[in-house]
Structures are given as structure tokens and as C-alpha cells.
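Before any comments, here is the structure.
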Amino acid sequence: MQTVRQLLDSKPNRQLIFVSPDATVFQALQVMAEQNVGAVLVMHACDVHGIFSERDYARRVVLQGRTSAGTHVREIMTSRVVYVTPEQTVDECMALMTEKRIRHLPVMEGCEVLGVVSIGDLVHATLEAQQLTIDQLVHYIQGEPASPPRM
């Protein structure tokens with residue numbers, strides 16, 4: 001089973017994307033659009049203060065009649081951040097996301113943020129693992145040598 005560390009190592013872009021708690025929601029949305037992500041960590045220095053997602057924007061800005069330029073991220077971010085460690089598996093992350101109804105998980109090793117995994121990252125990894133199993137079973141049934149794993 002693939003671990004979060006292996007998943008992070010396979011991501012083409014491991015750049016940590018974050019905004020300050022003092023950033024406006026508009027500024028955070030600009031960063032998210034530029035980086036093509038659905039959430040950003042909210043950090044000051046090296047400390048994680050929260051996470052800000054498209055869902056936070058929809059529920060706490062749009063539906064409450066606030067403005068993105070006049071609202072600071074710290075006012076509406078999700079401050080109870082659910083995170084995982086690099087040793088956890090993709091399946092454990094999927095279960096946690098399903099249970100907590102979230103789409104992004106920061107990866108923490110001690111006090112250091114190693115990255116963020118999204119539901120899309122996990123689905124992609126799961127599909128790759130399933131395809132590998134299918135390929136191996138087909139080769140086994142056909143009596144051909146199996147291809148080496150693609151991880």
C-alpha cells in the first residue's frame with residue numbers, strides 16, 4: 001500500500017502553497033487561482049494556523065454577504081486542521097477525508113509541513129494501484145511475466 005510520503009515524492013510539484021492569516025480572502029483566492037488549487041494553508045512563519053478552501057469561501061463569505069476584499073482569511077479559515085503523517089497510507093487518508101468530509105490534508109512530520117494531499121491525488125494513486133493489480137492479474141492469467149511496478 002502506498003504511503004503519503006511515496007505519494008508526495010511522486011507529485012511533480014511539491015511547492016508548499018500558503019497565505020498569511022492577515023491576507024484578504026481576495027488575495028488568497030488569487031493565489032489559489034494562480035496555483036490551480038482548491039485550498040491553501042494559512043501560515044505565519046512556520047506555524048500552521050488553519051486551512052482556507054473554496055468551501056470556506058462559499059459558505060463563510062458568499063452566503064454570509066461578506067466581501068472577499070474586506071474579509072481577512074483568519075476570520076473565515078478552518079482553524080481545526082486535520083492532518084496526516086508521511087507514514088499513513090493512501091487508504092487511511094481516503095477514509096479520513098470521507099469521515100471528516102474534507103478534500104485536503106496537510107502532511108506533517110513533527111512540526112514541519114511536508115506538503116498537502118488532495119482527494120484528487122488520492123484518487124489518482126488509487127487508480128494507478130488498481131491498474132497495476134489488473135495488469136498483474138492479466139499477465140498471470142495469460143502466463144506472461146508481469147511488468148515491473150510503476151510507482
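Within each chain, counting starts at residue 1; across the C-alpha cells, chains are named A, B, ... in the order shown, with ligands numbered 1 upward in that order.
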DSSP alpha helix (DSSP H) residues within stretch 63-131 of chain A, as a PyMOL selection string: chain A and resi 73-76+90-100+119-131
With a cut-off of 12 Å, could you pull out the residues of stretch 72-149 of chain A touching stretch 7-16 of chain A and give me the nearest pair of atoms for each, distance in Å to one decimal, using only C-alpha atoms, ordered by chain and ascending number, as CSV?
```
residue,atom,partner,partner_atom,distance
A:Thr85,CA,A:Leu8,CA,11.2
A:Pro86,CA,A:Leu8,CA,8.4
A:Glu87,CA,A:Leu7,CA,10.5
A:Gln88,CA,A:Leu7,CA,10.5
A:Thr89,CA,A:Leu7,CA,9.2
A:Val90,CA,A:Leu7,CA,8.0
A:Asp91,CA,A:Leu7,CA,11.8
A:Cys93,CA,A:Leu7,CA,11.3
A:Leu105,CA,A:Leu8,CA,11.8
A:Pro106,CA,A:Leu16,CA,9.8
A:Val107,CA,A:Leu8,CA,9.0
A:Met108,CA,A:Leu8,CA,11.7
A:Glu112,CA,A:Leu16,CA,11.3
A:Val113,CA,A:Leu16,CA,8.2
A:Leu114,CA,A:Leu16,CA,7.7
A:Gly115,CA,A:Leu16,CA,5.8
A:Val116,CA,A:Leu16,CA,7.5
A:Val117,CA,A:Leu8,CA,7.5
A:Ser118,CA,A:Leu8,CA,10.7
A:Gly120,CA,A:Lys11,CA,11.7
A:Asp121,CA,A:Leu7,CA,7.9
A:Leu122,CA,A:Leu7,CA,8.2
A:Val123,CA,A:Leu7,CA,11.2
A:His124,CA,A:Leu7,CA,9.9
A:Ala125,CA,A:Leu7,CA,7.3
A:Thr126,CA,A:Leu7,CA,10.5
A:Glu128,CA,A:Leu7,CA,11.3
A:Ala129,CA,A:Leu7,CA,11.6
```
Running DSSP on the backbone, which parts of stretch 8-69 of chain A land in strand (DSSP E), as JSON, numbers by chain? {"A": [18, 19, 39, 40, 41, 42, 43, 44, 47, 48, 49, 50, 51, 52, 53]}
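Distance check against A:Phe52 using only C-alpha atoms: of A:Cys111, A:Val19, A:Thr71, A:Asn36, the minimum falls on A:Val19.
The spacing separating atom CA of A:Glu99 from atom CA of A:Met43 amounts to 25.1 Å.
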Contacts of A:Ala23 at 8 Å (only C-alpha atoms; same-chain gap of 4+ positions) as an MDAnalysis selection string: chainID A and resid 19 27:28 72:74
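Taking atom CA of A:Met32 and atom CA of A:Ile119 as endpoints, the distance between them is 16.2 Å.
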Min atom-atom distance to A:Glu109 from the set A:Arg5, A:His44, A:Arg59, A:Arg66, counting only C-alpha atoms, belongs to A:Arg5
Name the residues in contact with stretch 100-102 of chain A at a cut-off of 10 Å, using only C-alpha atoms, excluding same-chain residues fewer than 4 positions from it; report them as a short mmCIF file (atom, residue, chain, number, x, y, z; two decimals) with C-alpha atoms, in the first residue's frame.
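Contents of selection26.cif, as written:
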```cif
data_model
loop_
_atom_site.label_atom_id
_atom_site.label_comp_id
_atom_site.auth_asym_id
_atom_site.auth_seq_id
_atom_site.Cartn_x
_atom_site.Cartn_y
_atom_site.Cartn_z
CA SER A 53 -10.66 26.31 0.88
CA ARG A 55 -15.78 25.63 0.51
CA VAL A 82 -6.93 17.67 10.23
CA MET A 94 -9.29 8.42 1.89
CA ALA A 95 -11.12 7.09 4.96
CA LEU A 96 -10.22 10.19 6.98
CA SER A 118 -5.90 16.39 -2.12
CA ILE A 119 -8.72 13.98 -2.80
#
```
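With only C-alpha atoms as the atoms that count, the residue of A:Gly50, A:Thr98, A:Thr3, A:Gly38 with the shortest distance to A:Arg80 is A:Gly50.
You will find atom CA of A:Ile134 at 16.4 Å from atom CA of A:Gln2.
The residue that comes closest to A:Val37, out of A:Thr67, A:Thr24, A:His104, A:Glu75 and on the basis of only C-alpha atoms, is A:His104.
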